[in-house]
$ cat my_file_32.txt   # compact mmCIF, N, CA and C atoms
# COMPACT_ATOMS: atom_id res chain seq x y z
N MET V 2 77.63 78.63 48.74
CA MET V 2 78.76 78.98 49.57
C MET V 2 78.25 79.78 50.77
N ALA V 3 78.76 79.45 51.94
CA ALA V 3 78.32 80.12 53.17
C ALA V 3 78.96 81.50 53.27
N LYS V 4 78.16 82.44 53.73
CA LYS V 4 78.66 83.80 53.91
C LYS V 4 79.38 83.90 55.24
N PHE V 5 80.50 84.56 55.25
CA PHE V 5 81.26 84.78 56.48
C PHE V 5 80.79 86.09 57.09
N SER V 6 80.44 86.04 58.35
CA SER V 6 79.93 87.23 59.00
C SER V 6 81.01 87.82 59.90
N TYR V 7 81.33 89.06 59.66
CA TYR V 7 82.31 89.75 60.50
C TYR V 7 81.73 90.06 61.88
N THR V 8 80.43 90.02 62.00
CA THR V 8 79.79 90.25 63.30
C THR V 8 80.20 89.17 64.29
N TYR V 9 80.21 87.92 63.84
CA TYR V 9 80.61 86.83 64.73
C TYR V 9 82.08 86.94 65.13
N LEU V 10 82.90 87.32 64.18
CA LEU V 10 84.32 87.50 64.47
C LEU V 10 84.53 88.63 65.48
N LEU V 11 83.83 89.73 65.30
CA LEU V 11 83.93 90.86 66.22
C LEU V 11 83.43 90.47 67.61
N LEU V 12 82.34 89.73 67.66
CA LEU V 12 81.81 89.27 68.94
C LEU V 12 82.81 88.36 69.65
N LEU V 13 83.45 87.49 68.91
CA LEU V 13 84.45 86.59 69.49
C LEU V 13 85.64 87.38 70.04
N ILE V 14 86.08 88.39 69.33
CA ILE V 14 87.19 89.23 69.79
C ILE V 14 86.80 89.97 71.06
N VAL V 15 85.60 90.50 71.12
CA VAL V 15 85.13 91.22 72.31
C VAL V 15 85.08 90.29 73.51
N VAL V 16 84.57 89.08 73.33
CA VAL V 16 84.49 88.11 74.43
C VAL V 16 85.88 87.79 74.97
N PHE V 17 86.83 87.53 74.09
CA PHE V 17 88.19 87.22 74.54
C PHE V 17 88.85 88.42 75.21
N SER V 18 88.58 89.62 74.71
CA SER V 18 89.16 90.83 75.32
C SER V 18 88.63 91.04 76.74
N VAL V 19 87.33 90.89 76.92
CA VAL V 19 86.74 91.06 78.24
C VAL V 19 87.28 90.02 79.21
N ASN V 20 87.41 88.79 78.74
CA ASN V 20 87.94 87.71 79.58
C ASN V 20 89.38 88.01 79.99
N SER V 21 90.19 88.48 79.06
CA SER V 21 91.59 88.80 79.36
C SER V 21 91.70 89.94 80.36
N MET V 22 90.85 90.97 80.21
CA MET V 22 90.88 92.09 81.14
C MET V 22 90.45 91.66 82.53
N ALA V 23 89.45 90.79 82.62
CA ALA V 23 88.99 90.31 83.93
C ALA V 23 90.09 89.52 84.63
N MET V 24 90.83 88.73 83.88
CA MET V 24 91.93 87.97 84.48
C MET V 24 93.04 88.90 84.96
N ALA V 25 93.33 89.95 84.21
CA ALA V 25 94.37 90.90 84.61
C ALA V 25 93.97 91.66 85.87
N VAL V 26 92.71 92.05 85.98
CA VAL V 26 92.23 92.76 87.17
C VAL V 26 92.30 91.84 88.38
N ALA V 27 91.94 90.58 88.22
CA ALA V 27 92.00 89.62 89.33
C ALA V 27 93.44 89.41 89.78
N ALA V 28 94.37 89.34 88.85
CA ALA V 28 95.78 89.17 89.21
C ALA V 28 96.29 90.40 89.95
N GLN V 29 95.87 91.58 89.54
CA GLN V 29 96.30 92.81 90.21
C GLN V 29 95.73 92.87 91.63
N ALA V 30 94.52 92.43 91.82
CA ALA V 30 93.91 92.43 93.15
C ALA V 30 94.67 91.49 94.08
N ASP V 31 95.12 90.34 93.56
CA ASP V 31 95.90 89.41 94.37
C ASP V 31 97.24 90.02 94.74
N ALA V 32 97.82 90.80 93.84
CA ALA V 32 99.12 91.40 94.10
C ALA V 32 99.05 92.47 95.18
N GLN V 33 97.87 93.03 95.42
CA GLN V 33 97.73 94.11 96.38
C GLN V 33 97.29 93.64 97.76
N LYS V 34 97.30 92.35 98.01
CA LYS V 34 96.88 91.86 99.32
C LYS V 34 97.87 92.32 100.38
N ARG V 35 97.34 92.64 101.52
CA ARG V 35 98.15 93.12 102.64
C ARG V 35 98.14 92.08 103.75
N CYS V 36 99.25 91.95 104.40
CA CYS V 36 99.36 91.10 105.58
C CYS V 36 99.73 91.98 106.76
N GLN V 37 99.54 91.45 107.94
CA GLN V 37 99.93 92.18 109.14
C GLN V 37 100.52 91.23 110.15
N LYS V 38 101.46 91.76 110.92
CA LYS V 38 102.13 90.95 111.94
C LYS V 38 102.46 91.84 113.12
N ILE V 39 102.24 91.32 114.30
CA ILE V 39 102.62 92.04 115.52
C ILE V 39 104.10 91.76 115.76
N LEU V 40 104.90 92.82 115.73
CA LEU V 40 106.34 92.64 115.90
C LEU V 40 106.73 92.52 117.37
N TYR V 41 106.10 93.29 118.21
CA TYR V 41 106.26 93.11 119.66
C TYR V 41 105.02 93.64 120.36
N PRO V 42 104.58 92.93 121.41
CA PRO V 42 103.27 93.21 122.00
C PRO V 42 103.24 94.32 123.04
N ARG V 43 104.36 94.81 123.52
CA ARG V 43 104.34 95.83 124.58
C ARG V 43 105.43 96.86 124.35
N GLY V 44 105.17 98.06 124.86
CA GLY V 44 106.20 99.10 124.85
C GLY V 44 106.53 99.65 123.47
N CYS V 45 105.54 99.90 122.67
CA CYS V 45 105.76 100.36 121.31
C CYS V 45 106.13 101.85 121.27
N THR V 46 107.19 102.16 120.56
CA THR V 46 107.49 103.55 120.19
C THR V 46 107.42 103.62 118.67
N LEU V 47 106.81 104.66 118.16
CA LEU V 47 106.50 104.74 116.74
C LEU V 47 107.74 104.65 115.85
N MET V 48 108.78 105.38 116.17
CA MET V 48 109.99 105.35 115.34
C MET V 48 110.61 103.96 115.30
N ASP V 49 110.69 103.31 116.46
CA ASP V 49 111.27 101.98 116.53
C ASP V 49 110.40 100.96 115.79
N CYS V 50 109.10 101.09 115.94
CA CYS V 50 108.16 100.19 115.27
C CYS V 50 108.29 100.30 113.75
N ARG V 51 108.31 101.52 113.25
CA ARG V 51 108.44 101.72 111.80
C ARG V 51 109.78 101.22 111.28
N LYS V 52 110.83 101.43 112.06
CA LYS V 52 112.16 100.98 111.66
C LYS V 52 112.21 99.45 111.57
N LYS V 53 111.67 98.78 112.58
CA LYS V 53 111.68 97.31 112.57
C LYS V 53 110.80 96.75 111.46
N CYS V 54 109.69 97.39 111.22
CA CYS V 54 108.79 96.96 110.14
C CYS V 54 109.49 97.09 108.78
N PHE V 55 110.21 98.18 108.59
CA PHE V 55 110.94 98.38 107.34
C PHE V 55 112.07 97.37 107.19
N GLN V 56 112.81 97.13 108.28
CA GLN V 56 113.92 96.19 108.23
C GLN V 56 113.45 94.76 107.94
N LYS V 57 112.35 94.38 108.54
CA LYS V 57 111.88 93.00 108.41
C LYS V 57 111.10 92.76 107.12
N PHE V 58 110.27 93.72 106.70
CA PHE V 58 109.39 93.49 105.56
C PHE V 58 109.52 94.52 104.44
N GLY V 59 110.36 95.52 104.61
CA GLY V 59 110.50 96.56 103.59
C GLY V 59 109.28 97.45 103.49
N SER V 60 108.56 97.59 104.59
CA SER V 60 107.32 98.37 104.59
C SER V 60 107.44 99.54 105.56
N VAL V 61 106.76 100.62 105.24
CA VAL V 61 106.70 101.77 106.15
C VAL V 61 105.38 101.75 106.92
N GLY V 62 104.74 100.58 106.99
CA GLY V 62 103.44 100.45 107.62
C GLY V 62 103.48 100.09 109.09
N GLY V 63 104.56 100.39 109.80
CA GLY V 63 104.62 100.12 111.23
C GLY V 63 103.82 101.14 112.01
N GLN V 64 102.99 100.66 112.92
CA GLN V 64 102.18 101.58 113.72
C GLN V 64 101.95 101.00 115.11
N CYS V 65 101.81 101.88 116.07
CA CYS V 65 101.53 101.49 117.45
C CYS V 65 100.02 101.52 117.66
N ILE V 66 99.47 100.39 118.09
CA ILE V 66 98.03 100.34 118.33
C ILE V 66 97.77 99.92 119.78
N PRO V 67 96.73 100.47 120.40
CA PRO V 67 96.44 100.12 121.80
C PRO V 67 95.92 98.69 121.92
N THR V 68 96.31 98.04 123.03
CA THR V 68 95.87 96.66 123.24
C THR V 68 94.91 96.52 124.40
N ASN V 69 94.72 97.58 125.17
CA ASN V 69 93.77 97.50 126.29
C ASN V 69 92.76 98.64 126.19
N GLN V 70 91.70 98.51 126.97
CA GLN V 70 90.61 99.49 126.93
C GLN V 70 91.06 100.89 127.33
N ALA V 71 91.97 100.98 128.31
CA ALA V 71 92.44 102.28 128.79
C ALA V 71 93.46 102.92 127.84
N GLN V 72 93.88 102.19 126.83
CA GLN V 72 94.87 102.65 125.84
C GLN V 72 96.17 103.09 126.50
N THR V 73 96.65 102.27 127.42
CA THR V 73 97.93 102.55 128.07
C THR V 73 99.02 101.59 127.61
N ILE V 74 98.65 100.49 126.98
CA ILE V 74 99.63 99.52 126.47
C ILE V 74 99.48 99.47 124.95
N TYR V 75 100.60 99.60 124.25
CA TYR V 75 100.58 99.61 122.80
C TYR V 75 101.46 98.50 122.25
N GLU V 76 101.04 97.93 121.11
CA GLU V 76 101.84 96.93 120.42
C GLU V 76 102.23 97.46 119.05
N CYS V 77 103.31 96.91 118.53
CA CYS V 77 103.79 97.32 117.20
C CYS V 77 103.16 96.40 116.16
N LEU V 78 102.36 96.98 115.29
CA LEU V 78 101.71 96.24 114.21
C LEU V 78 102.33 96.67 112.89
N CYS V 79 102.81 95.69 112.14
CA CYS V 79 103.41 95.96 110.84
C CYS V 79 102.47 95.48 109.74
N VAL V 80 102.13 96.37 108.81
CA VAL V 80 101.30 96.03 107.66
C VAL V 80 102.20 96.07 106.43
N TYR V 81 102.18 94.98 105.65
CA TYR V 81 103.10 94.86 104.52
C TYR V 81 102.43 94.09 103.39
N ASN V 82 103.04 94.11 102.22
CA ASN V 82 102.54 93.36 101.07
C ASN V 82 102.83 91.88 101.28
N CYS V 83 101.83 91.04 101.09
CA CYS V 83 101.95 89.61 101.35
C CYS V 83 102.92 88.89 100.42
N HIS V 84 103.09 89.37 99.22
CA HIS V 84 103.91 88.65 98.23
C HIS V 84 105.39 88.64 98.56
N ARG V 85 105.81 89.38 99.56
CA ARG V 85 107.23 89.40 99.94
C ARG V 85 107.61 88.14 100.65
$ encode --input "my_file_32.txt" --output "structure tokens"
Amino acid sequence: MAKFSYTYLLLLIVVFSVNSMAMAVAAQADAQKRCQKILYPRGCTLMDCRKKCFQKFGSVGGQCIPTNQAQTIYECLCVYNCHR
């Protein structure tokens, strides 16, 4: 009669556990992806930019970023979760 080894069973359980955890971490990383969209290219005011970003995407990631070297023209950039 063949002996049953609990070592093999334990090894199999560990392999499946590690595989399951790796899949869960990968799914979480996908859920955290960020997207960005320029809401308007000129005349950005921070309050208005954040308000529009929140209204459109439910994000508080609206920010005014400079578009030229002299930093005199700003655009509204909204950063939000991609899954929305």
$ closest_residue --input "my_file_32.txt" --among "V:Glu76, V:Cys65, V:Thr8, V:Tyr81" --to "V:Arg43" --atoms "only N, CA and C atoms"
V:Glu76
$ residues_around --input "my_file_32.txt" --residues "V:Asn82" --least-positions-apart "4" --cutoff "6 Å" --atoms "all atoms listed in the file" --output "ChimeraX atom specification"
/V:34-36
$ closest_residue --input "my_file_32.txt" --among "V:Ala71, V:Gln33, V:Ser6, V:Leu40" --to "V:Lys53" --atoms "only N, CA and C atoms"
V:Leu40
$ atom_distance --input "my_file_32.txt" --atom1 "atom C of V:Gly44" --atom2 "atom N of V:Gly59"
19.7 Å
$ closest_residue --input "my_file_32.txt" --among "V:Cys45, V:Val61, V:Lys38, V:Gln56" --to "V:Ile74" --atoms "only C-alpha atoms"
V:Cys45
